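Data file: upload-v8.cif. Format and content: mmCIF, C-alpha atoms.
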```cif
data_structure
#
loop_
_atom_site.label_atom_id
_atom_site.label_comp_id
_atom_site.auth_asym_id
_atom_site.auth_seq_id
_atom_site.Cartn_x
_atom_site.Cartn_y
_atom_site.Cartn_z
CA MET A 14 29.45 13.89 -87.16
CA ALA A 15 27.89 10.45 -87.12
CA VAL A 16 27.05 10.08 -83.43
CA LYS A 17 26.97 12.49 -80.52
CA PHE A 18 29.26 11.74 -77.61
CA ARG A 19 26.34 11.85 -75.20
CA ASP A 20 24.62 9.14 -77.26
CA ILE A 21 27.71 6.94 -76.98
CA LEU A 22 27.64 7.43 -73.22
CA ALA A 23 23.98 6.39 -73.12
CA ASP A 24 25.26 2.80 -73.05
CA PRO A 25 25.68 2.15 -69.29
CA GLU A 26 28.65 -0.16 -69.84
CA ILE A 27 30.51 2.53 -71.76
CA GLU A 28 29.52 5.31 -69.39
CA ALA A 29 30.73 3.35 -66.36
CA ARG A 30 34.12 2.71 -67.96
CA TRP A 31 34.39 6.33 -69.09
CA LEU A 32 33.76 7.58 -65.56
CA LYS A 33 36.29 5.06 -64.23
CA VAL A 34 39.17 6.14 -66.49
CA LYS A 35 38.33 9.84 -66.48
CA LYS A 36 39.31 10.11 -62.82
CA TYR A 37 42.93 9.68 -63.88
CA PHE A 38 43.12 12.51 -66.38
CA TYR A 39 44.98 14.56 -63.77
CA LEU A 40 48.14 12.51 -64.39
CA ARG A 41 51.08 14.52 -65.79
CA GLU A 42 54.09 12.38 -66.59
CA SER A 43 57.82 12.90 -66.79
CA THR A 44 60.63 10.32 -66.83
CA TYR A 45 63.99 10.10 -65.12
CA ASP A 46 67.13 8.08 -65.74
CA MET A 47 68.35 7.12 -62.29
CA THR A 48 71.87 5.76 -62.85
CA SER A 49 74.14 4.87 -65.73
CA ARG A 50 74.81 1.48 -64.13
CA CYS A 51 73.06 -1.81 -64.89
CA SER A 52 73.74 -5.41 -63.96
CA LEU A 53 72.90 -6.58 -67.50
CA ARG A 54 74.07 -5.71 -70.98
CA CYS A 55 71.23 -6.59 -73.37
CA ASP A 56 71.25 -6.63 -77.15
CA GLY A 57 69.41 -3.61 -78.48
CA CYS A 58 69.32 -1.81 -75.12
CA TYR A 59 68.15 1.77 -75.63
CA TYR A 60 70.20 3.11 -72.78
CA TYR A 61 73.53 1.75 -73.93
CA GLU A 62 72.89 2.28 -77.64
CA GLY A 63 72.67 6.02 -77.09
CA GLU A 64 74.87 8.85 -75.91
CA LYS A 65 73.30 9.26 -72.49
CA GLN A 66 75.32 6.39 -71.00
CA LYS A 67 78.18 8.89 -70.90
CA THR A 68 76.23 11.29 -68.67
CA PRO A 69 77.62 11.52 -65.11
CA ASP A 70 75.40 10.32 -62.27
CA VAL A 71 74.03 12.58 -59.55
CA THR A 72 73.94 10.37 -56.47
CA ASP A 73 73.03 12.91 -53.77
CA PRO A 74 69.43 12.19 -52.66
CA GLU A 75 68.94 15.83 -51.66
CA LYS A 76 69.63 16.97 -55.21
CA TRP A 77 67.06 14.47 -56.41
CA ARG A 78 64.63 15.68 -53.78
CA ALA A 79 65.06 19.26 -54.98
CA LEU A 80 64.48 18.20 -58.59
CA LEU A 81 61.35 16.21 -57.75
CA GLN A 82 59.98 19.07 -55.67
CA ALA A 83 60.53 21.42 -58.61
CA GLU A 84 58.79 18.89 -60.85
CA LYS A 85 55.85 18.69 -58.47
CA ASP A 86 55.68 22.48 -58.37
CA ARG A 87 55.38 22.66 -62.16
CA GLY A 88 52.52 20.18 -62.10
CA ILE A 89 54.10 16.75 -62.60
CA THR A 90 51.97 14.10 -60.86
CA PHE A 91 53.41 10.85 -62.25
CA VAL A 92 57.05 9.79 -62.54
CA VAL A 93 58.64 6.97 -64.49
CA LEU A 94 62.02 5.97 -63.08
CA ALA A 95 64.01 4.14 -65.72
CA GLY A 96 67.55 3.71 -67.11
CA ALA A 97 69.78 2.13 -66.72
CA GLU A 98 68.73 0.06 -63.66
CA PRO A 99 66.86 1.89 -60.86
CA GLY A 100 67.19 -1.19 -58.64
CA LEU A 101 70.83 -0.26 -58.08
CA VAL A 102 69.85 3.08 -56.48
CA PRO A 103 66.85 2.31 -54.22
CA GLU A 104 67.66 5.29 -51.98
CA LEU A 105 67.09 7.64 -54.93
CA CYS A 106 63.86 5.85 -55.86
CA ARG A 107 62.67 6.27 -52.27
CA THR A 108 63.46 9.98 -52.37
CA CYS A 109 61.38 10.35 -55.53
CA TYR A 110 58.51 8.41 -53.95
CA GLU A 111 58.53 10.65 -50.88
CA VAL A 112 57.96 13.71 -53.09
CA ILE A 113 55.72 12.35 -55.89
CA PRO A 114 54.02 9.10 -54.80
CA ASN A 115 52.42 8.24 -58.16
CA GLY A 116 54.74 6.45 -60.51
CA CYS A 117 56.41 3.43 -61.97
CA ILE A 118 59.89 1.93 -62.00
CA ALA A 119 61.22 0.15 -65.09
CA SER A 120 63.55 -2.56 -63.83
CA ASN A 121 65.33 -5.69 -64.97
CA GLY A 122 63.78 -7.28 -61.88
CA LEU A 123 66.86 -9.09 -60.67
CA ARG A 124 66.42 -7.67 -57.19
CA SER A 125 63.34 -6.50 -55.36
CA PHE A 126 62.70 -3.01 -54.10
CA PRO A 127 62.16 -2.02 -50.45
CA GLU A 128 58.49 -2.26 -49.51
CA ASP A 129 58.25 1.41 -48.63
CA ILE A 130 58.73 2.39 -52.27
CA GLY A 131 55.11 2.10 -53.37
CA TYR A 132 55.49 2.59 -57.10
CA ARG A 133 54.32 0.14 -59.73
CA ILE A 134 57.31 -1.91 -60.91
CA HIS A 135 57.71 -3.10 -64.49
CA ILE A 136 59.97 -6.10 -64.89
CA SER A 137 61.43 -6.60 -68.33
CA VAL A 138 61.29 -10.11 -69.82
CA TRP A 139 62.87 -10.85 -73.19
CA GLY A 140 62.01 -14.46 -73.98
CA ASP A 141 62.66 -17.76 -72.25
CA ASP A 142 65.80 -18.73 -70.36
CA ALA A 143 67.73 -19.82 -73.44
CA GLU A 144 66.90 -16.61 -75.28
CA SER A 145 67.64 -14.52 -72.20
CA LYS A 146 71.08 -16.10 -71.90
CA LYS A 147 71.74 -15.25 -75.51
CA SER A 148 70.49 -11.66 -75.55
CA ARG A 149 70.98 -10.58 -71.91
CA GLY A 150 73.88 -12.74 -70.81
CA ARG A 151 71.94 -14.76 -68.22
CA ALA A 152 68.61 -16.47 -67.54
CA CYS A 153 66.50 -14.00 -65.59
CA LEU A 154 62.98 -15.34 -65.07
CA ASP A 155 63.61 -17.56 -62.02
CA THR A 156 65.34 -14.72 -60.21
CA GLN A 157 62.64 -12.23 -61.23
CA LEU A 158 59.78 -14.48 -60.11
CA GLU A 159 61.48 -15.17 -56.80
CA ALA A 160 62.29 -11.49 -56.17
CA PHE A 161 58.70 -10.39 -56.85
CA GLN A 162 56.71 -13.37 -55.57
CA GLY A 163 53.37 -12.07 -54.25
CA ASP A 164 54.39 -8.43 -54.86
CA ASP A 165 51.33 -6.49 -56.01
CA ARG A 166 53.58 -3.73 -57.40
CA ALA A 167 54.97 -6.00 -60.11
CA VAL A 168 53.91 -6.32 -63.73
CA PHE A 169 56.06 -8.44 -66.05
CA ILE A 170 56.53 -6.75 -69.41
CA TYR A 171 57.25 -9.27 -72.16
CA THR A 172 59.06 -7.62 -75.05
CA PHE A 173 58.48 -9.37 -78.36
CA THR A 174 61.39 -9.62 -80.74
CA LYS A 175 61.59 -11.43 -84.02
CA SER A 176 63.10 -14.45 -82.31
CA ASN A 177 61.05 -14.92 -79.13
CA ILE A 178 57.39 -14.86 -80.20
CA ASP A 179 56.54 -18.47 -79.44
CA GLN A 180 58.57 -18.48 -76.23
CA LEU A 181 55.76 -16.46 -74.65
CA ASP A 182 53.80 -19.71 -74.19
CA SER A 183 56.14 -21.05 -71.52
CA VAL A 184 56.98 -17.66 -70.01
CA ALA A 185 53.34 -16.60 -69.62
CA ALA A 186 52.46 -19.97 -68.07
CA ARG A 187 55.20 -19.59 -65.47
CA ILE A 188 54.21 -16.03 -64.58
CA ALA A 189 50.51 -16.95 -64.38
CA ASP A 190 51.27 -20.06 -62.29
CA GLU A 191 53.14 -17.86 -59.82
CA GLY A 192 50.17 -15.50 -59.55
CA GLY A 193 51.94 -12.72 -61.46
CA ARG A 194 50.58 -10.37 -64.10
CA LEU A 195 52.02 -9.58 -67.47
CA SER A 196 51.63 -7.16 -70.33
CA PHE A 197 53.32 -6.79 -73.69
CA ASN A 198 55.87 -4.60 -75.38
CA LEU A 199 57.33 -4.75 -78.87
CA PHE A 200 60.97 -4.33 -79.71
CA SER A 201 61.27 -1.00 -81.49
CA ALA A 202 64.60 -0.41 -83.12
CA PRO A 203 66.96 2.19 -81.69
CA VAL A 204 68.16 4.75 -84.24
CA GLY A 205 70.68 3.08 -86.53
CA TYR A 206 69.99 -0.44 -85.22
CA GLU A 207 70.69 -3.10 -87.86
CA GLY A 208 70.50 -6.21 -85.67
CA PRO A 209 68.21 -9.24 -85.92
CA LEU A 210 65.56 -8.29 -83.32
CA ARG A 211 63.52 -5.95 -85.52
CA LEU A 212 59.95 -7.16 -86.18
CA GLY A 213 58.93 -7.30 -89.85
CA ALA A 214 55.37 -7.59 -91.19
CA GLU A 215 55.17 -11.36 -90.81
CA ALA A 216 56.61 -11.26 -87.29
CA LEU A 217 54.14 -8.54 -86.36
CA ARG A 218 51.24 -10.69 -87.57
CA ARG A 219 52.49 -13.67 -85.56
CA THR A 220 53.00 -11.41 -82.56
CA ARG A 221 49.40 -10.20 -82.75
CA ASP A 222 48.12 -13.77 -82.94
CA LYS A 223 50.27 -14.76 -79.96
CA MET A 224 49.08 -11.79 -77.89
CA LEU A 225 45.43 -12.72 -78.48
CA GLU A 226 46.12 -16.39 -77.80
CA ILE A 227 47.76 -15.62 -74.44
CA MET A 228 44.97 -13.20 -73.50
CA ASP A 229 42.51 -16.06 -74.01
CA ARG A 230 44.67 -18.61 -72.22
CA HIS A 231 45.55 -16.47 -69.17
CA PRO A 232 42.80 -13.84 -68.90
CA GLU A 233 43.36 -13.11 -65.23
CA ALA A 234 47.11 -12.69 -65.59
CA THR A 235 47.21 -10.72 -68.84
CA LEU A 236 46.77 -6.96 -68.82
CA PHE A 237 46.07 -6.23 -72.46
CA SER A 238 43.27 -5.69 -74.98
CA ARG A 239 42.49 -6.59 -78.55
CA TYR A 240 42.84 -2.95 -79.56
CA ASN A 241 46.28 -2.77 -77.94
CA ALA A 242 47.26 -5.75 -80.07
CA GLU A 243 45.88 -4.15 -83.21
CA VAL A 244 47.58 -0.79 -82.94
CA HIS A 245 50.94 -2.07 -81.70
CA THR A 246 51.30 -4.72 -84.42
CA ASP A 247 50.10 -2.63 -87.37
CA PRO A 248 52.65 -3.59 -90.06
CA GLU A 249 51.90 -0.48 -92.11
CA LYS A 250 52.31 2.22 -89.49
CA SER A 251 54.30 2.83 -86.31
CA LEU A 252 52.52 4.54 -83.41
CA HIS A 253 53.89 7.91 -84.53
CA GLN A 254 52.83 7.38 -88.13
CA ARG A 255 49.35 6.28 -87.10
CA PHE A 256 48.59 8.70 -84.27
CA LYS A 257 51.17 11.50 -84.46
CA CYS A 258 53.30 11.29 -81.34
CA PRO A 259 52.74 14.17 -78.87
CA TYR A 260 56.06 13.82 -77.01
CA PRO A 261 58.36 16.87 -77.31
CA ARG A 262 60.87 15.00 -79.46
CA CYS A 263 58.23 14.76 -82.21
CA ASN A 264 56.04 17.70 -81.28
CA PRO A 265 57.29 21.29 -81.42
CA SER A 266 54.15 22.73 -79.78
CA THR A 267 54.45 23.85 -76.17
CA ALA A 268 50.81 24.95 -75.97
CA VAL A 269 49.15 22.11 -74.09
CA GLY A 270 49.67 18.44 -73.21
CA LEU A 271 52.87 16.41 -73.31
CA GLY A 272 54.57 18.92 -75.61
CA ARG A 273 54.21 21.43 -72.81
CA THR A 274 54.87 19.41 -69.67
CA PHE A 275 56.84 16.24 -70.45
CA ARG A 276 60.57 16.07 -69.76
CA GLN A 277 63.01 13.20 -69.89
CA TYR A 278 65.80 13.76 -67.37
CA ARG A 279 69.21 12.19 -67.62
CA THR A 280 71.25 10.97 -64.68
CA ASP A 281 72.87 14.39 -64.30
CA LEU A 282 69.39 15.91 -63.80
CA THR A 283 69.43 17.81 -67.09
CA TRP A 284 66.97 17.37 -69.93
CA ASP A 285 66.96 18.07 -73.64
CA ARG A 286 63.72 18.85 -75.48
CA LYS A 287 65.02 17.33 -78.72
CA ALA A 288 65.52 13.98 -76.97
CA SER A 289 62.43 13.98 -74.76
CA CYS A 290 60.15 11.00 -75.18
CA CYS A 291 59.62 7.80 -73.22
CA VAL A 292 62.45 5.88 -74.92
CA PRO A 293 64.60 8.63 -76.44
CA ASN A 294 66.89 6.67 -78.70
CA THR A 295 64.09 4.90 -80.60
CA ASP A 296 63.63 5.17 -84.36
CA CYS A 297 60.18 6.86 -84.45
CA ASP A 298 59.28 5.09 -87.68
CA ASP A 299 59.60 1.77 -85.88
CA CYS A 300 58.14 2.84 -82.52
CA ARG A 301 55.68 0.32 -81.08
CA HIS A 302 56.69 0.74 -77.43
CA TYR A 303 54.10 0.03 -74.78
CA ALA A 304 55.17 3.16 -72.91
CA ALA A 305 54.84 5.33 -76.00
CA GLY A 306 51.44 3.91 -76.84
CA SER A 307 50.16 4.57 -73.34
CA ALA A 308 50.61 8.27 -73.95
CA ILE A 309 50.08 8.45 -77.70
CA VAL A 310 46.86 6.45 -78.06
CA THR A 311 45.38 7.83 -74.85
CA SER A 312 45.95 11.41 -75.94
CA ARG A 313 44.14 10.76 -79.23
CA MET A 314 40.73 10.28 -77.67
CA LEU A 315 39.12 12.72 -80.08
CA ARG A 316 39.85 10.32 -82.94
CA HIS A 317 37.83 7.64 -81.17
CA VAL A 318 34.52 9.39 -80.46
CA ASP A 319 32.85 9.15 -83.86
CA ASP A 320 31.09 5.89 -83.02
CA ALA A 321 30.55 3.57 -80.07
CA LEU A 322 32.85 0.81 -81.30
CA SER A 323 35.82 3.15 -81.69
CA PHE A 324 35.22 4.53 -78.23
CA ARG A 325 35.00 1.04 -76.76
CA LYS A 326 38.40 0.28 -78.27
CA TRP A 327 39.89 3.46 -76.84
CA LEU A 328 38.40 2.76 -73.40
CA ASP A 329 39.96 -0.71 -73.44
CA TYR A 330 43.30 0.81 -74.32
CA VAL A 331 43.14 3.38 -71.52
CA ASP A 332 41.84 0.83 -69.00
CA THR A 333 44.80 -1.38 -69.92
CA TYR A 334 47.27 1.48 -69.68
CA LEU A 335 46.02 2.49 -66.24
CA SER A 336 46.11 -1.08 -64.93
CA VAL A 337 49.69 -1.51 -66.16
CA TRP A 338 50.99 1.80 -64.83
CA ILE A 339 48.93 2.61 -61.72
CA ARG A 340 49.34 0.47 -58.63
CA GLY A 341 45.92 -0.46 -57.29
CA TYR A 342 44.00 0.23 -60.50
CA GLU A 343 42.12 -2.92 -61.48
CA LYS A 344 41.45 -3.60 -65.14
CA GLY A 345 37.88 -4.31 -66.19
CA GLN A 346 36.63 -6.72 -68.82
CA ASN A 347 37.48 -5.58 -72.32
CA LEU A 348 34.53 -3.87 -74.05
CA TYR A 349 35.78 -4.68 -77.55
CA THR A 350 36.23 -8.40 -78.06
CA MET B 8 26.98 31.51 -76.11
CA LYS B 9 29.74 32.34 -73.62
CA GLU B 10 27.57 31.33 -70.69
CA ARG B 11 26.80 27.97 -72.31
CA ILE B 12 30.50 27.37 -72.86
CA ALA B 13 31.32 28.52 -69.34
CA GLY B 14 28.75 26.09 -67.97
CA ILE B 15 30.41 23.24 -69.83
CA ILE B 16 33.89 24.19 -68.60
CA ILE B 17 32.68 24.53 -65.01
CA ASN B 18 30.87 21.22 -65.17
CA GLU B 19 33.69 19.25 -66.81
CA LEU B 20 36.44 20.67 -64.61
CA LYS B 21 34.28 20.63 -61.47
CA ILE B 22 35.19 24.24 -60.72
CA LYS B 23 33.69 25.56 -57.52
CA ASP B 24 32.71 29.08 -56.44
CA VAL B 25 32.15 30.34 -59.97
CA THR B 26 29.03 30.50 -62.15
CA PRO B 27 28.62 30.80 -65.91
CA GLN B 28 27.78 34.44 -65.29
CA THR B 29 30.91 35.17 -63.24
CA PHE B 30 33.39 33.09 -65.26
CA ASP B 31 36.25 35.32 -66.43
CA PRO B 32 36.26 35.00 -70.25
CA ASN B 33 39.98 35.76 -70.39
CA LEU B 34 41.06 33.30 -67.71
CA ASP B 35 43.80 31.15 -69.27
CA LEU B 36 42.64 27.56 -68.88
CA ILE B 37 46.16 26.19 -69.21
CA GLU B 38 48.27 28.81 -67.43
CA ASP B 39 45.77 29.75 -64.72
CA LEU B 40 43.77 26.55 -64.23
CA GLY B 41 46.55 24.12 -65.21
CA ILE B 42 44.37 21.93 -67.41
CA ASP B 43 45.99 19.34 -69.65
CA SER B 44 45.12 17.97 -73.08
CA MET B 45 42.94 15.20 -71.68
CA GLU B 46 40.84 17.60 -69.64
CA LEU B 47 40.60 19.86 -72.66
CA THR B 48 39.42 16.87 -74.71
CA THR B 49 36.60 16.21 -72.24
CA ILE B 50 35.45 19.80 -72.76
CA VAL B 51 35.85 19.55 -76.54
CA VAL B 52 33.65 16.46 -76.92
CA VAL B 53 30.83 18.21 -75.06
CA LEU B 54 31.30 21.40 -77.11
CA GLN B 55 31.06 19.32 -80.29
CA ASP B 56 27.73 17.89 -79.13
CA GLU B 57 26.39 21.18 -77.88
CA PHE B 58 27.23 23.32 -80.90
CA GLY B 59 27.16 20.71 -83.67
CA ILE B 60 30.69 21.43 -84.81
CA ARG B 61 33.83 19.40 -85.39
CA ILE B 62 36.98 20.42 -83.52
CA ASP B 63 40.37 19.30 -84.76
CA GLU B 64 43.10 18.11 -82.39
CA ASP B 65 45.52 20.51 -84.05
CA ASP B 66 43.32 23.41 -82.97
CA PHE B 67 43.61 22.66 -79.23
CA ALA B 68 46.36 25.26 -78.89
CA GLN B 69 43.82 27.95 -79.82
CA LEU B 70 41.33 26.94 -77.13
CA THR B 71 43.03 28.54 -74.17
CA SER B 72 40.25 30.74 -72.74
CA LEU B 73 36.49 31.05 -72.75
CA ALA B 74 36.74 34.07 -75.04
CA LYS B 75 38.96 32.23 -77.53
CA ILE B 76 36.75 29.14 -77.48
CA ALA B 77 33.68 31.28 -78.18
CA GLU B 78 35.46 33.01 -81.05
CA TYR B 79 36.59 29.65 -82.44
CA ILE B 80 33.06 28.22 -82.28
CA GLU B 81 31.61 31.29 -84.02
CA ILE B 82 33.99 30.74 -86.91
CA LYS B 83 33.32 27.00 -87.03
CA LYS B 84 29.57 27.52 -87.12
CA LYS B 85 29.95 29.77 -90.14
CA ASP B 86 32.02 27.14 -92.03
#
```
Encoded form (structure tokens):
Amino acid sequence: MAVKFRDILADPEIEARWLKVKKYFYLRESTYDMTSRCSLRCDGCYYYEGEKQKTPDVTDPEKWRALLQAEKDRGITFVVLAGAEPGLVPELCRTCYEVIPNGCIASNGLRSFPEDIGYRIHISVWGDDAESKKSRGRACLDTQLEAFQGDDRAVFIYTFTKSNIDQLDSVAARIADEGGRLSFNLFSAPVGYEGPLRLGAEALRRTRDKMLEIMDRHPEATLFSRYNAEVHTDPEKSLHQRFKCPYPRCNPSTAVGLGRTFRQYRTDLTWDRKASCCVPNTDCDDCRHYAAGSAIVTSRMLRHVDDALSFRKWLDYVDTYLSVWIRGYEKGQNLYT
Amino acid sequence: MKERIAGIIINELKIKDVTPQTFDPNLDLIEDLGIDSMELTTIVVVLQDEFGIRIDEDDFAQLTSLAKIAEYIEIKKKD
């Protein structure tokens, strides 16, 4: 082994960041589809590309409360409320929050959430108004910015597709001007997807350049790191190919970690191990999801402790992940620049 | 060796009311203490330093108790 871990931690800057992120290692995540309804129909939507849209909805808050209590009892400490649009069932989101108060809601952001639901809220943005009209059926950003003006729960998640890379300039400027924060996602093809949104090698290179450019231009508003950009835009390898995804869908082991504890519940409150990952209908060989990376890269810490530079990169990644997903966690300066 | 390993586990997991001498070598770290892969990783990086060995991620499933960790390290040191 080239360097001992204790020698890496001898750098006070690294040690301080290590102690900061280590406090959150108690987090145990599972995800929950809240309703089969959504107010948008977007090209390439994972929810409506797959079979789970046919699952019946459980709408009784007490059944949700019982599920969340059972989840808490088996050790789950962090929930992600997703598909199709949790904003249409705020009473169910509130019930979840009352049982497990750490978590995040993935929303289209067209309506706000009651203030007493204290989760982080991720608002999906897919390009500028013209692109949004084309791929989502309406311009969304004005409504999203108005609904979440001054809301410290909100993080805007800009999903890069092949056709919207340069549109980030205007979108990021508007979000930053409104005092909002943003982070990045990459379109990752659903299984069988043959449409035009898939990012090829050249688009991935341009995406990386754009990410770094926006980080420089809006450093206060952008929750991201150089290492995030590098691993998510690797043209040679998806996240699974590079790091070996630990979610149950890709990982048969139930010994320890996500393979043991993670579940992805459908709207009927059932789950299926074979389909359990953060975005279940994704083609794993094209997976560059921000949500997937948050778990995959973080869990591969051991691959990043051979030298100080690798560990700095990993710390940046985890610091970014925590700032994006945990309300109240403030991101530090990147250690790898 | 077991006491050295126990000291590392106690220190990394901040376990109270137990000493390296009283640590149950067969206590299941995952079933009984509920530790996750990230907490196990924090133990592993210290074990690597302490015993001068390299631990593979794929071997985490074997490291479920003090006794099993000690056995694993014995084998690694002979490699």
Using only C-alpha atoms, determine which residues lie at most 9 Å from segment 110-118 of chain A, disregarding the query and same-chain residues fewer than 2 positions distant; provide the list as a PDB file with C-alpha atoms, in the frame of the given file.
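File written: selection-v5.pdb
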```pdb
ATOM      1  CA  LEU A  40      48.140  12.510 -64.390  1.00  0.00           C
ATOM      2  CA  GLU A  42      54.090  12.380 -66.590  1.00  0.00           C
ATOM      3  CA  ARG A  78      64.630  15.680 -53.780  1.00  0.00           C
ATOM      4  CA  LEU A  81      61.350  16.210 -57.750  1.00  0.00           C
ATOM      5  CA  GLN A  82      59.980  19.070 -55.670  1.00  0.00           C
ATOM      6  CA  GLU A  84      58.790  18.890 -60.850  1.00  0.00           C
ATOM      7  CA  LYS A  85      55.850  18.690 -58.470  1.00  0.00           C
ATOM      8  CA  ILE A  89      54.100  16.750 -62.600  1.00  0.00           C
ATOM      9  CA  THR A  90      51.970  14.100 -60.860  1.00  0.00           C
ATOM     10  CA  PHE A  91      53.410  10.850 -62.250  1.00  0.00           C
ATOM     11  CA  VAL A  92      57.050   9.790 -62.540  1.00  0.00           C
ATOM     12  CA  VAL A  93      58.640   6.970 -64.490  1.00  0.00           C
ATOM     13  CA  LEU A  94      62.020   5.970 -63.080  1.00  0.00           C
ATOM     14  CA  ALA A  95      64.010   4.140 -65.720  1.00  0.00           C
ATOM     15  CA  PRO A  99      66.860   1.890 -60.860  1.00  0.00           C
ATOM     16  CA  GLY A 100      67.190  -1.190 -58.640  1.00  0.00           C
ATOM     17  CA  LEU A 105      67.090   7.640 -54.930  1.00  0.00           C
ATOM     18  CA  CYS A 106      63.860   5.850 -55.860  1.00  0.00           C
ATOM     19  CA  ARG A 107      62.670   6.270 -52.270  1.00  0.00           C
ATOM     20  CA  THR A 108      63.460   9.980 -52.370  1.00  0.00           C
ATOM     21  CA  SER A 120      63.550  -2.560 -63.830  1.00  0.00           C
ATOM     22  CA  ASP A 129      58.250   1.410 -48.630  1.00  0.00           C
ATOM     23  CA  ILE A 130      58.730   2.390 -52.270  1.00  0.00           C
ATOM     24  CA  GLY A 131      55.110   2.100 -53.370  1.00  0.00           C
ATOM     25  CA  TYR A 132      55.490   2.590 -57.100  1.00  0.00           C
ATOM     26  CA  ARG A 133      54.320   0.140 -59.730  1.00  0.00           C
ATOM     27  CA  ILE A 134      57.310  -1.910 -60.910  1.00  0.00           C
ATOM     28  CA  HIS A 135      57.710  -3.100 -64.490  1.00  0.00           C
ATOM     29  CA  ILE A 136      59.970  -6.100 -64.890  1.00  0.00           C
ATOM     30  CA  ARG A 166      53.580  -3.730 -57.400  1.00  0.00           C
ATOM     31  CA  TRP A 338      50.990   1.800 -64.830  1.00  0.00           C
ATOM     32  CA  ILE A 339      48.930   2.610 -61.720  1.00  0.00           C
ATOM     33  CA  ARG A 340      49.340   0.470 -58.630  1.00  0.00           C
TER      34      ARG A 340
END
```
Check your understanding: If the PyMOL selection byres ((chain B) within 7 of (chain A)) is run on the structure shown, which residues does it catch, given as a PyMOL selection string?
Key -> chain B and resi 43-46+48+52+56+68
Exercise for review: Neighbourhood query: residues within 8 Å of (53.8, 5.2, -69.7), file coordinates, counting all atoms listed in the file; return as a VMD selection string.
Suggested key: chain A and resid 42 93 291 303 to 308 334 338
Check your understanding: Any idea what the distance is between atom CA of Cys58 of chain A and atom CA of Ser336 of chain A?
Key -> 25.4 Å
**Study point:** Top pick for closest residue to Trp327 of chain A, considering A:Leu53, A:Cys290, A:Asn241, A:Arg262 and counting only C-alpha atoms
**Key:**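 Closest to Trp327 of chain A of all the choices is A:Asn241.
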Around the point (41.7, 27.8, -70.3), in the coordinates given by the file, pick out the residues reaching within 7 Å, counting only C-alpha atoms, and return them as a short mmCIF file (atom, residue, chain, number, x, y, z; two decimals) with C-alpha atoms, keeping the file's coordinate frame.
```cif
data_model
loop_
_atom_site.label_atom_id
_atom_site.label_comp_id
_atom_site.auth_asym_id
_atom_site.auth_seq_id
_atom_site.Cartn_x
_atom_site.Cartn_y
_atom_site.Cartn_z
CA LEU B 34 41.06 33.30 -67.71
CA ASP B 35 43.80 31.15 -69.27
CA LEU B 36 42.64 27.56 -68.88
CA ILE B 37 46.16 26.19 -69.21
CA LEU B 40 43.77 26.55 -64.23
CA LEU B 70 41.33 26.94 -77.13
CA THR B 71 43.03 28.54 -74.17
CA SER B 72 40.25 30.74 -72.74
CA LEU B 73 36.49 31.05 -72.75
#
```
Practice item. I need the residue set behind the PyMOL selection byres ((chain A and resi 184) around 10) for this file; please write it as a list of chain:residue names. Key: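 Selection result, ordered by chain and number: A:Val138, A:Trp139, A:Gly140, A:Asp141, A:Asp142, A:Leu154, A:Tyr171, A:Asp179, A:Gln180, A:Leu181, A:Asp182, A:Ser183, A:Ala185, A:Ala186, A:Arg187, A:Ile188, A:Ala189, A:Asp190, A:Leu195.
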C-alpha atoms of the current selection, written as a short mmCIF file (atom, residue, chain, number, x, y, z; two decimals), in the frame of the given file:
```
data_model
loop_
_atom_site.label_atom_id
_atom_site.label_comp_id
_atom_site.auth_asym_id
_atom_site.auth_seq_id
_atom_site.Cartn_x
_atom_site.Cartn_y
_atom_site.Cartn_z
CA VAL A 138 61.29 -10.11 -69.82
CA TRP A 139 62.87 -10.85 -73.19
CA GLY A 140 62.01 -14.46 -73.98
CA ASP A 141 62.66 -17.76 -72.25
CA ASP A 142 65.80 -18.73 -70.36
CA LEU A 154 62.98 -15.34 -65.07
CA TYR A 171 57.25 -9.27 -72.16
CA ASP A 179 56.54 -18.47 -79.44
CA GLN A 180 58.57 -18.48 -76.23
CA LEU A 181 55.76 -16.46 -74.65
CA ASP A 182 53.80 -19.71 -74.19
CA SER A 183 56.14 -21.05 -71.52
CA ALA A 185 53.34 -16.60 -69.62
CA ALA A 186 52.46 -19.97 -68.07
CA ARG A 187 55.20 -19.59 -65.47
CA ILE A 188 54.21 -16.03 -64.58
CA ALA A 189 50.51 -16.95 -64.38
CA ASP A 190 51.27 -20.06 -62.29
CA LEU A 195 52.02 -9.58 -67.47
#
```
